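Have a look at data31.cif below; it lists mmCIF, C-alpha atoms.
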data_target
#
loop_
_atom_site.label_atom_id
_atom_site.label_comp_id
_atom_site.auth_asym_id
_atom_site.auth_seq_id
_atom_site.Cartn_x
_atom_site.Cartn_y
_atom_site.Cartn_z
CA MET A 1 -26.56 54.99 -38.00
CA ARG A 2 -24.34 52.13 -39.06
CA ALA A 3 -21.94 50.34 -36.76
CA VAL A 4 -20.07 47.06 -36.42
CA ILE A 5 -21.46 45.22 -33.41
CA ARG A 6 -20.01 42.32 -31.45
CA ARG A 7 -23.05 40.09 -31.10
CA ASN A 8 -22.89 36.44 -30.05
CA LYS A 9 -19.10 36.48 -30.58
CA GLN A 10 -19.57 37.57 -34.18
CA LEU A 11 -19.11 40.94 -35.89
CA VAL A 12 -22.30 42.21 -37.48
CA CYS A 13 -22.69 45.41 -39.48
CA ASP A 14 -26.09 46.80 -38.49
CA GLU A 15 -28.04 49.92 -37.59
CA ILE A 16 -27.95 51.31 -34.05
CA GLU A 17 -29.74 54.25 -32.46
CA GLU A 18 -28.68 57.79 -33.25
CA LEU A 19 -26.82 59.64 -30.51
CA THR A 20 -27.59 62.89 -28.72
CA PRO A 21 -24.84 64.62 -26.73
CA GLY A 22 -25.60 65.29 -23.09
CA ALA A 23 -24.15 67.82 -20.66
CA GLY A 24 -20.45 68.39 -21.32
CA GLN A 25 -20.47 66.09 -24.33
CA VAL A 26 -19.96 66.44 -28.07
CA LEU A 27 -21.24 64.43 -30.98
CA VAL A 28 -18.47 63.48 -33.39
CA LYS A 29 -18.15 61.76 -36.75
CA THR A 30 -15.65 58.89 -36.68
CA LEU A 31 -13.05 59.48 -39.38
CA ALA A 32 -10.73 56.55 -38.68
CA CYS A 33 -10.31 53.92 -35.97
CA GLY A 34 -7.58 51.34 -35.60
CA ILE A 35 -8.20 47.64 -35.01
CA CYS A 36 -6.32 46.74 -31.83
CA GLY A 37 -4.96 43.37 -30.80
CA SER A 38 -7.24 43.55 -27.77
CA ASP A 39 -10.21 43.82 -30.15
CA LEU A 40 -9.14 40.60 -31.85
CA HIS A 41 -8.94 38.84 -28.50
CA ALA A 42 -12.15 40.37 -27.16
CA LEU A 43 -14.18 39.14 -30.13
CA HIS A 44 -14.01 35.58 -28.83
CA HIS A 45 -12.87 36.03 -25.22
CA MET A 46 -14.57 39.19 -23.95
CA GLU A 47 -16.18 37.36 -21.04
CA HIS A 48 -12.82 36.14 -19.76
CA MET A 49 -11.26 39.59 -20.22
CA ILE A 50 -13.97 41.23 -18.14
CA GLU A 51 -13.74 38.55 -15.46
CA THR A 52 -10.00 39.08 -15.04
CA THR A 53 -10.53 42.86 -14.98
CA ARG A 54 -13.09 42.52 -12.22
CA ARG A 55 -10.80 40.25 -10.22
CA ALA A 56 -7.98 42.78 -10.61
CA SER A 57 -10.29 45.58 -9.47
CA GLY A 58 -11.49 43.89 -6.32
CA GLY A 59 -14.61 42.47 -7.91
CA ASP A 60 -16.33 45.69 -9.01
CA GLY A 61 -15.05 45.79 -12.58
CA GLY A 62 -13.01 48.95 -12.04
CA ALA A 63 -13.42 51.50 -14.81
CA MET A 64 -15.54 49.07 -16.83
CA GLY A 65 -18.09 49.08 -14.04
CA GLY A 66 -19.94 46.17 -12.54
CA GLY A 67 -22.87 46.84 -14.87
CA PHE A 68 -21.05 45.98 -18.08
CA ASP A 69 -22.45 42.84 -19.69
CA PRO A 70 -19.86 41.22 -21.97
CA THR A 71 -22.56 39.06 -23.58
CA ALA A 72 -24.60 42.09 -24.71
CA ASP A 73 -24.09 44.09 -27.90
CA THR A 74 -20.82 46.05 -27.92
CA VAL A 75 -19.31 48.34 -30.56
CA PHE A 76 -15.52 48.08 -30.48
CA GLY A 77 -13.03 50.80 -31.36
CA HIS A 78 -10.80 52.84 -29.04
CA GLU A 79 -8.02 54.10 -31.36
CA PHE A 80 -9.73 56.90 -33.22
CA CYS A 81 -9.64 60.30 -34.86
CA ALA A 82 -12.98 62.09 -35.24
CA GLU A 83 -14.58 65.34 -36.38
CA ILE A 84 -16.79 67.49 -34.15
CA LEU A 85 -20.39 67.68 -35.34
CA GLU A 86 -22.43 69.11 -32.48
CA HIS A 87 -22.00 70.35 -28.92
CA GLY A 88 -24.24 69.30 -26.07
CA PRO A 89 -25.54 71.54 -23.28
CA GLY A 90 -23.02 72.99 -20.85
CA THR A 91 -20.12 72.88 -23.30
CA THR A 92 -17.83 75.79 -24.13
CA GLY A 93 -17.71 75.20 -27.86
CA LEU A 94 -14.06 76.18 -27.86
CA LEU A 95 -13.35 73.66 -30.59
CA LYS A 96 -15.74 74.37 -33.44
CA PRO A 97 -17.68 71.89 -35.57
CA GLY A 98 -15.40 70.52 -38.27
CA THR A 99 -12.39 70.36 -35.95
CA ARG A 100 -10.56 67.04 -35.99
CA VAL A 101 -9.89 65.61 -32.53
CA VAL A 102 -8.59 62.62 -30.64
CA SER A 103 -9.41 61.62 -27.09
CA VAL A 104 -8.63 59.13 -24.40
CA PRO A 105 -11.38 56.56 -25.14
CA ALA A 106 -13.55 57.31 -22.15
CA THR A 107 -16.72 59.39 -21.99
CA ILE A 108 -18.05 60.97 -18.81
CA THR A 109 -21.80 60.49 -18.36
CA GLY A 110 -24.30 61.33 -15.67
CA THR A 111 -23.84 57.88 -14.13
CA GLY A 112 -20.07 57.44 -14.44
CA VAL A 113 -17.47 56.76 -17.11
CA GLU A 114 -18.03 54.67 -20.21
CA LEU A 115 -14.93 53.08 -21.76
CA LEU A 116 -15.44 53.40 -25.50
CA GLY A 117 -15.07 50.07 -27.22
CA TYR A 118 -16.02 48.25 -24.01
CA SER A 119 -19.43 49.71 -23.25
CA ASN A 120 -23.02 48.56 -23.62
CA ASN A 121 -24.27 52.14 -23.62
CA LEU A 122 -22.04 54.09 -26.01
CA PRO A 123 -20.47 52.94 -29.26
CA GLY A 124 -16.75 52.97 -29.92
CA GLY A 125 -15.04 53.94 -33.15
CA PHE A 126 -16.46 51.14 -35.29
CA ALA A 127 -19.55 53.34 -35.63
CA GLU A 128 -20.31 56.31 -37.85
CA ARG A 129 -20.66 58.60 -34.84
CA MET A 130 -19.60 58.69 -31.19
CA ILE A 131 -20.19 60.69 -28.02
CA LEU A 132 -17.06 62.19 -26.45
CA SER A 133 -16.45 64.42 -23.43
CA GLU A 134 -15.51 67.97 -24.40
CA MET A 135 -13.02 68.32 -21.56
CA MET A 136 -11.01 65.36 -22.89
CA LEU A 137 -10.74 66.44 -26.53
CA LEU A 138 -7.36 67.16 -28.10
CA GLU A 139 -7.26 69.06 -31.38
CA VAL A 140 -5.33 67.49 -34.24
CA LYS A 141 -2.91 70.19 -35.39
CA ASN A 142 -0.08 70.82 -37.85
CA GLY A 143 -2.05 69.31 -40.71
CA LEU A 144 -1.43 65.86 -39.25
CA PRO A 145 -3.16 63.29 -41.48
CA THR A 146 -6.17 61.62 -39.92
CA ASP A 147 -4.75 58.11 -40.25
CA GLN A 148 -1.66 59.15 -38.27
CA ALA A 149 -3.66 60.98 -35.59
CA ALA A 150 -5.67 57.78 -35.04
CA LEU A 151 -2.46 56.07 -33.93
CA THR A 152 -2.12 58.30 -30.85
CA GLU A 153 -3.77 55.76 -28.55
CA PRO A 154 -1.69 52.67 -29.40
CA PHE A 155 1.56 54.63 -29.38
CA ALA A 156 0.68 56.11 -25.99
CA VAL A 157 0.72 52.52 -24.71
CA GLY A 158 4.35 52.26 -25.78
CA ALA A 159 5.19 55.62 -24.21
CA HIS A 160 3.79 54.41 -20.89
CA ALA A 161 5.82 51.19 -20.98
CA VAL A 162 8.99 53.18 -21.65
CA ALA A 163 8.15 55.59 -18.82
CA LYS A 164 7.97 52.66 -16.40
CA ALA A 165 11.39 51.34 -17.41
CA ARG A 166 14.45 52.16 -15.28
CA LEU A 167 16.51 53.25 -18.26
CA ASP A 168 19.82 55.05 -17.86
CA LYS A 169 21.96 56.82 -20.46
CA ASP A 170 23.85 53.59 -21.27
CA SER A 171 20.90 51.21 -21.17
CA VAL A 172 20.50 48.48 -23.75
CA SER A 173 16.88 47.57 -24.53
CA LEU A 174 15.51 44.36 -26.01
CA VAL A 175 11.97 44.36 -27.40
CA ILE A 176 10.47 40.87 -27.72
CA GLY A 177 7.60 40.90 -30.20
CA CYS A 178 7.14 43.56 -32.88
CA GLY A 179 3.38 43.66 -33.17
CA PRO A 180 1.62 46.99 -32.50
CA VAL A 181 2.68 47.09 -28.83
CA GLY A 182 6.30 46.27 -29.56
CA LEU A 183 6.43 48.84 -32.36
CA ALA A 184 5.01 51.48 -30.03
CA VAL A 185 7.67 50.64 -27.44
CA ILE A 186 10.43 50.95 -30.04
CA ALA A 187 9.07 54.32 -31.12
CA GLY A 188 8.83 55.45 -27.49
CA LEU A 189 12.41 54.42 -26.78
CA LYS A 190 13.81 56.21 -29.81
CA ALA A 191 11.68 59.31 -29.15
CA LYS A 192 13.42 59.62 -25.77
CA GLY A 193 16.85 59.10 -27.30
CA HIS A 194 17.48 55.61 -25.94
CA GLY A 195 19.62 53.07 -27.71
CA PRO A 196 20.77 50.62 -28.71
CA VAL A 197 17.39 48.99 -29.16
CA ILE A 198 17.34 45.31 -30.16
CA ALA A 199 14.05 44.05 -31.62
CA ALA A 200 13.09 40.42 -32.16
CA ASP A 201 10.19 38.83 -34.02
CA TYR A 202 9.68 35.75 -36.19
CA SER A 203 7.70 37.75 -38.76
CA PRO A 204 9.71 39.37 -41.58
CA ARG A 205 7.05 42.04 -42.02
CA ARG A 206 7.11 42.95 -38.34
CA ARG A 207 10.92 43.01 -38.31
CA ALA A 208 10.83 45.43 -41.24
CA ALA A 209 8.36 47.63 -39.34
CA ALA A 210 10.62 47.56 -36.27
CA GLU A 211 13.54 48.76 -38.36
CA MET A 212 11.33 51.46 -39.89
CA LEU A 213 10.49 52.77 -36.42
CA GLY A 214 14.14 52.97 -35.38
CA ALA A 215 15.29 49.64 -33.95
CA ASP A 216 19.09 49.51 -34.10
CA VAL A 217 19.31 45.73 -34.40
CA VAL A 218 16.55 43.47 -35.75
CA ILE A 219 16.74 39.73 -35.06
CA ASP A 220 14.89 36.68 -36.31
CA PRO A 221 14.73 34.38 -33.24
CA ALA A 222 14.54 31.39 -35.57
CA SER A 223 18.14 31.97 -36.62
CA GLU A 224 19.70 33.80 -33.65
CA SER A 225 18.95 34.22 -29.97
CA PRO A 226 17.93 37.81 -29.21
CA HIS A 227 20.09 37.54 -26.09
CA ALA A 228 23.29 36.89 -28.06
CA ARG A 229 23.93 40.62 -28.50
CA TRP A 230 24.13 41.74 -24.85
CA GLU A 231 27.87 41.19 -24.50
CA ALA A 232 28.60 42.96 -27.79
CA PHE A 233 26.86 46.05 -26.39
CA GLY A 234 28.92 45.92 -23.23
CA VAL A 235 26.43 44.23 -20.88
CA PRO A 236 27.85 41.20 -19.01
CA THR A 237 25.12 38.61 -18.69
CA ALA A 238 26.30 36.60 -15.67
CA ARG A 239 26.25 37.94 -12.11
CA ALA A 240 29.91 36.97 -11.57
CA ALA A 241 31.03 38.82 -14.71
CA GLN A 242 29.05 41.88 -13.67
CA ASN A 243 30.66 41.88 -10.21
CA MET A 244 34.11 41.52 -11.74
CA ALA A 245 33.47 44.44 -14.10
CA ARG A 246 32.41 46.64 -11.19
CA MET A 247 35.48 45.68 -9.14
CA MET A 248 37.61 46.74 -12.12
CA GLY A 249 35.88 50.11 -12.21
CA LYS A 250 33.89 49.41 -15.34
CA THR A 251 30.28 50.48 -15.83
CA PHE A 252 27.55 49.14 -18.06
CA GLY A 253 24.00 50.15 -18.84
CA GLN A 254 20.90 48.76 -17.19
CA PRO A 255 19.54 45.91 -19.36
CA VAL A 256 15.81 46.29 -19.95
CA VAL A 257 13.66 43.72 -21.72
CA PHE A 258 10.19 44.63 -23.00
CA GLU A 259 7.93 41.58 -23.25
CA CYS A 260 5.38 42.46 -25.96
CA VAL A 261 4.06 39.02 -26.91
CA GLY A 262 1.74 37.96 -24.10
CA SER A 263 1.93 34.19 -24.59
CA PRO A 264 2.36 31.55 -21.88
CA GLY A 265 5.98 30.56 -21.31
CA ILE A 266 7.51 33.78 -22.61
CA LEU A 267 8.02 35.29 -19.16
CA GLN A 268 9.80 32.21 -17.80
CA HIS A 269 12.02 32.08 -20.88
CA LEU A 270 13.00 35.72 -20.42
CA ILE A 271 13.76 35.22 -16.73
CA GLU A 272 16.18 32.44 -17.68
CA ALA A 273 17.74 34.10 -20.74
CA SER A 274 18.01 37.78 -19.74
CA PRO A 275 21.15 39.18 -18.09
CA ALA A 276 21.31 39.17 -14.31
CA GLY A 277 19.82 42.32 -12.86
CA SER A 278 17.54 42.88 -15.86
CA GLN A 279 14.26 44.69 -15.62
CA ILE A 280 11.57 42.90 -17.61
CA VAL A 281 8.74 45.27 -18.52
CA VAL A 282 5.67 43.17 -19.26
CA ALA A 283 3.51 44.96 -21.84
CA GLY A 284 2.15 41.88 -23.59
CA VAL A 285 -1.18 40.80 -22.13
CA CYS A 286 -1.25 37.06 -21.45
CA MET A 287 -4.85 36.08 -20.77
CA GLU A 288 -4.00 32.56 -19.65
CA THR A 289 -2.64 31.20 -16.40
CA ASP A 290 1.16 31.08 -16.67
CA LYS A 291 3.97 29.67 -14.55
CA ILE A 292 7.37 31.04 -13.56
CA GLU A 293 10.13 29.76 -11.29
CA PRO A 294 10.71 32.54 -8.74
CA ALA A 295 13.98 30.99 -7.49
CA ILE A 296 15.65 31.72 -10.82
CA ALA A 297 14.40 35.31 -10.86
CA ILE A 298 15.52 35.75 -7.24
CA THR A 299 18.98 34.36 -7.86
CA LYS A 300 19.45 36.64 -10.87
CA GLU A 301 17.72 39.59 -9.13
CA ILE A 302 15.35 40.01 -12.06
CA GLU A 303 12.83 42.81 -11.70
CA LEU A 304 9.36 42.30 -13.17
CA THR A 305 7.33 45.41 -13.99
CA PHE A 306 3.80 44.99 -15.33
CA VAL A 307 2.35 47.92 -17.28
CA PHE A 308 -1.10 48.80 -18.59
CA GLY A 309 -2.56 51.70 -20.55
CA TYR A 310 -1.22 55.25 -20.19
CA SER A 311 -1.91 58.51 -18.40
CA PRO A 312 -3.78 61.45 -20.00
CA GLU A 313 -0.47 63.32 -20.02
CA GLU A 314 1.27 60.49 -21.88
CA PHE A 315 -1.61 60.40 -24.38
CA ALA A 316 -1.37 64.15 -25.05
CA HIS A 317 2.42 64.04 -25.30
CA THR A 318 2.24 61.18 -27.79
CA LEU A 319 -0.09 63.20 -30.04
CA HIS A 320 2.39 66.09 -29.84
CA GLN A 321 5.32 63.84 -30.74
CA ILE A 322 3.47 62.37 -33.72
CA SER A 323 2.36 65.79 -34.97
CA GLU A 324 5.90 67.15 -34.63
CA GLY A 325 7.44 64.19 -36.44
CA VAL A 326 9.38 63.00 -33.38
CA ILE A 327 7.55 59.71 -33.85
CA ASP A 328 7.13 58.91 -37.54
CA VAL A 329 4.05 56.74 -38.01
CA SER A 330 3.58 57.61 -41.68
CA ARG A 331 4.12 54.01 -42.84
CA VAL A 332 2.48 52.11 -40.00
CA VAL A 333 -1.00 51.89 -41.52
CA THR A 334 -1.00 49.17 -44.16
CA GLY A 335 -4.73 48.80 -44.83
CA LYS A 336 -8.05 50.64 -44.60
CA VAL A 337 -11.54 49.13 -44.60
CA GLY A 338 -15.13 50.25 -44.42
CA LEU A 339 -17.63 49.00 -41.86
CA SER A 340 -18.81 46.15 -44.08
CA GLU A 341 -15.22 44.85 -44.32
CA VAL A 342 -14.34 44.83 -40.62
CA ALA A 343 -15.21 41.19 -39.95
CA GLN A 344 -12.88 40.04 -42.74
CA ALA A 345 -10.16 42.42 -41.50
CA PHE A 346 -10.23 40.66 -38.13
CA VAL A 347 -9.52 37.39 -39.93
CA THR A 348 -6.79 38.95 -42.06
CA LEU A 349 -4.99 40.33 -39.01
CA GLY A 350 -4.52 36.79 -37.75
CA ASP A 351 -1.63 36.58 -40.22
CA PRO A 352 1.29 38.79 -39.08
CA GLU A 353 2.58 38.93 -42.66
CA ALA A 354 -0.64 40.44 -43.98
CA HIS A 355 -0.68 43.83 -42.23
CA VAL A 356 0.95 46.01 -39.61
CA LYS A 357 -2.13 48.12 -38.83
CA ILE A 358 -5.61 48.29 -40.35
CA LEU A 359 -7.82 51.33 -39.91
CA VAL A 360 -11.61 51.29 -40.05
CA GLU A 361 -13.07 54.28 -41.91
CA PRO A 362 -16.84 54.27 -41.24
CA GLY A 363 -17.46 56.75 -44.06
CA ARG A 364 -15.62 54.61 -46.59
#
File written out as C-alpha cells:
Amino acid sequence: MRAVIRRNKQLVCDEIEELTPGAGQVLVKTLACGICGSDLHALHHMEHMIETTRRASGGDGGAMGGGFDPTADTVFGHEFCAEILEHGPGTTGLLKPGTRVVSVPATITGTGVELLGYSNNLPGGFAERMILSEMMLLEVKNGLPTDQAALTEPFAVGAHAVAKARLDKDSVSLVIGCGPVGLAVIAGLKAKGHGPVIAADYSPRRRAAAEMLGADVVIDPASESPHARWEAFGVPTARAAQNMARMMGKTFGQPVVFECVGSPGILQHLIEASPAGSQIVVAGVCMETDKIEPAIAITKEIELTFVFGYSPEEFAHTLHQISEGVIDVSRVVTGKVGLSEVAQAFVTLGDPEAHVKILVEPGR
C-alpha cells in the first residue's frame, strides 16, 4: 500500500507492507489526516524531539519507547478519521466494517504501545491503511463530515490546555499565537463559556480564523500590544493597583495567558508584560534552550503551567462537542491533498498566510 515516509529527513511517497490486524486490533482505511505543526518540526528535527522526550521520561523514551529509532523510516499522521475494514482476532466487532471512527493515536500491540505517527512498526495516517485498537475506537456520529471529525485530535489539545487553566467566572484570557494550537485553545475557552478572550497574532489569516472560532478581541501585535486591553476588561496589571482594588472591596477575574507560539524569548516577554498574578499556560512547544528571569516572575507571583497532549476523556468529549456543533470547525480546513502532494504541503504550511489546516486524503 502507498504511504508518505519520512526517510533521511525527506518525505517520500512509496509502497510499504500491507497490514494484518492482530488480537484486539482493527484494520482501517485512512479517510483524512491533518498535518500537524509537530509533523513540520519532526521532518527535520525528529532526532532532537525524541532526545528531549527521553530526557523528560527519565531516559527510557516514555510512551515512544526506548526502541524507537528516529533515523529509521516513519510514517507521520496522528490527526485522523478512518473507516473500519476488518477486525482482528479477539475483537467484539461491535462497530461494523464501513463505520467511520477516530481514535487517540496509539495502538496496543503484543509488545507495548505504538504511538501512531511516531513509530517504526506501524504507519500513521499518511498511509492508505492503519492498525488501530478496537477498545480505543470512537464512532463518528450525527453525520459529522469526515474532515471535521479528523480535527478531534488537535482540538483536544486545546481542551486540555483550557482544563489546566485556573479560570474563574470573571477571568480574562489572552491567547498568544493563533496557529492550530491557539485556535484550539480559543475554541476550548468559548465551548466552556469563558470570555472575554483576546487573541493575538501577526498573521491576518490567523487573526481571521481566531475571530471565526469565537475570539472576542483580535489584535495585531505589530500595531498594538496584546496587553493593552487588560485594564479595559477590569484587570489591574500592577500588584499595587490590585491590592488597592481589593482593599476597596472590588473584585476582578484571574488573568490567564495561553502561550501558543513556542519560540525562544516569548516566555520571558510574557512574564514581564502580563499582569501580576497571571497564570501563563504554556502550550507552545519550544524545542530550543530558552532563558527566563525568575526574579521577575517571583516578584509578580506569575504562575507557569506547562501542558501537553490530552486525556482519553478530553479526546472523547472534544469529538462530542464537534459533532454537536458546540465547537464549529466547519471552516478550519483550508486545503486537501493526496499522498503525492504531501511533501509540497509541508513547504506551503511554512507560510501562515497560505493555510489554516491542510488534510491529507490518501484515497485522493
Kindly indicate which residue among A:Glu259, A:Glu231, A:Glu314, A:Glu211 lies nearest to Pro275 of chain A, using only C-alpha atoms for the distances.
A:Glu231
What's the 8 Å shell around Ala187 of chain A, counting all atoms listed in the file, without same-chain residues fewer than 4 positions away, as a PyMOL selection string?
chain A and resi 155+158+183+191+213-214+327
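Residues of protein, DNA and RNA with at least one atom no farther than 10 Å from (-12.5, 63.8, -34.4) are, using all atoms listed in the file, Leu27, Val28, Lys29, Thr30, Leu31, Ala32, Phe80, Cys81, Ala82, Glu83, Ile84, Leu85, Pro97, Gly98, Thr99, Arg100, Val101, Val102, Ser103, Arg129, Met130, Leu132, Leu137, Leu138, Glu139, Val140, Thr146, Ala149 and Ala150 of chain A.
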Give as a ChimeraX atom specification each residue that has an atom at most 6 Å from (-18.4, 66.5, -27.7) in the file, counting all atoms listed in the file.
/A:25-27,87,132-134
Identify all residues satisfying the PyMOL selection byres ((chain A and resi 193-206) around 8) in the given file; provide them as a PyMOL selection string.
chain A and resi 169-179+186+189-192+207-210+215-222+226+233+352-353+355-356
Please write the residues picked by the PyMOL selection byres ((chain A and resi 342) around 12) on this file as number ranges by chain.
A: 3-6, 10-13, 33-35, 39-40, 43, 75-77, 125-127, 335-341, 343-349, 358-362, 364
Could you save those same residues with C-alpha atoms as a PDB file, in the frame of the given file?
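Result file again-v5.pdb:
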ATOM      1  CA  ALA A   3     -21.940  50.340 -36.760  1.00  0.00           C
ATOM      2  CA  VAL A   4     -20.070  47.060 -36.420  1.00  0.00           C
ATOM      3  CA  ILE A   5     -21.460  45.220 -33.410  1.00  0.00           C
ATOM      4  CA  ARG A   6     -20.010  42.320 -31.450  1.00  0.00           C
ATOM      5  CA  GLN A  10     -19.570  37.570 -34.180  1.00  0.00           C
ATOM      6  CA  LEU A  11     -19.110  40.940 -35.890  1.00  0.00           C
ATOM      7  CA  VAL A  12     -22.300  42.210 -37.480  1.00  0.00           C
ATOM      8  CA  CYS A  13     -22.690  45.410 -39.480  1.00  0.00           C
ATOM      9  CA  CYS A  33     -10.310  53.920 -35.970  1.00  0.00           C
ATOM     10  CA  GLY A  34      -7.580  51.340 -35.600  1.00  0.00           C
ATOM     11  CA  ILE A  35      -8.200  47.640 -35.010  1.00  0.00           C
ATOM     12  CA  ASP A  39     -10.210  43.820 -30.150  1.00  0.00           C
ATOM     13  CA  LEU A  40      -9.140  40.600 -31.850  1.00  0.00           C
ATOM     14  CA  LEU A  43     -14.180  39.140 -30.130  1.00  0.00           C
ATOM     15  CA  VAL A  75     -19.310  48.340 -30.560  1.00  0.00           C
ATOM     16  CA  PHE A  76     -15.520  48.080 -30.480  1.00  0.00           C
ATOM     17  CA  GLY A  77     -13.030  50.800 -31.360  1.00  0.00           C
ATOM     18  CA  GLY A 125     -15.040  53.940 -33.150  1.00  0.00           C
ATOM     19  CA  PHE A 126     -16.460  51.140 -35.290  1.00  0.00           C
ATOM     20  CA  ALA A 127     -19.550  53.340 -35.630  1.00  0.00           C
ATOM     21  CA  GLY A 335      -4.730  48.800 -44.830  1.00  0.00           C
ATOM     22  CA  LYS A 336      -8.050  50.640 -44.600  1.00  0.00           C
ATOM     23  CA  VAL A 337     -11.540  49.130 -44.600  1.00  0.00           C
ATOM     24  CA  GLY A 338     -15.130  50.250 -44.420  1.00  0.00           C
ATOM     25  CA  LEU A 339     -17.630  49.000 -41.860  1.00  0.00           C
ATOM     26  CA  SER A 340     -18.810  46.150 -44.080  1.00  0.00           C
ATOM     27  CA  GLU A 341     -15.220  44.850 -44.320  1.00  0.00           C
ATOM     28  CA  ALA A 343     -15.210  41.190 -39.950  1.00  0.00           C
ATOM     29  CA  GLN A 344     -12.880  40.040 -42.740  1.00  0.00           C
ATOM     30  CA  ALA A 345     -10.160  42.420 -41.500  1.00  0.00           C
ATOM     31  CA  PHE A 346     -10.230  40.660 -38.130  1.00  0.00           C
ATOM     32  CA  VAL A 347      -9.520  37.390 -39.930  1.00  0.00           C
ATOM     33  CA  THR A 348      -6.790  38.950 -42.060  1.00  0.00           C
ATOM     34  CA  LEU A 349      -4.990  40.330 -39.010  1.00  0.00           C
ATOM     35  CA  ILE A 358      -5.610  48.290 -40.350  1.00  0.00           C
ATOM     36  CA  LEU A 359      -7.820  51.330 -39.910  1.00  0.00           C
ATOM     37  CA  VAL A 360     -11.610  51.290 -40.050  1.00  0.00           C
ATOM     38  CA  GLU A 361     -13.070  54.280 -41.910  1.00  0.00           C
ATOM     39  CA  PRO A 362     -16.840  54.270 -41.240  1.00  0.00           C
ATOM     40  CA  ARG A 364     -15.620  54.610 -46.590  1.00  0.00           C
TER      41      ARG A 364
END
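Considering the residues A:Ala228, A:Glu301, A:Phe306, A:Gly117 and counting all atoms listed in the file, Ala273 of chain A has its shortest atom-to-atom contact with A:Ala228.
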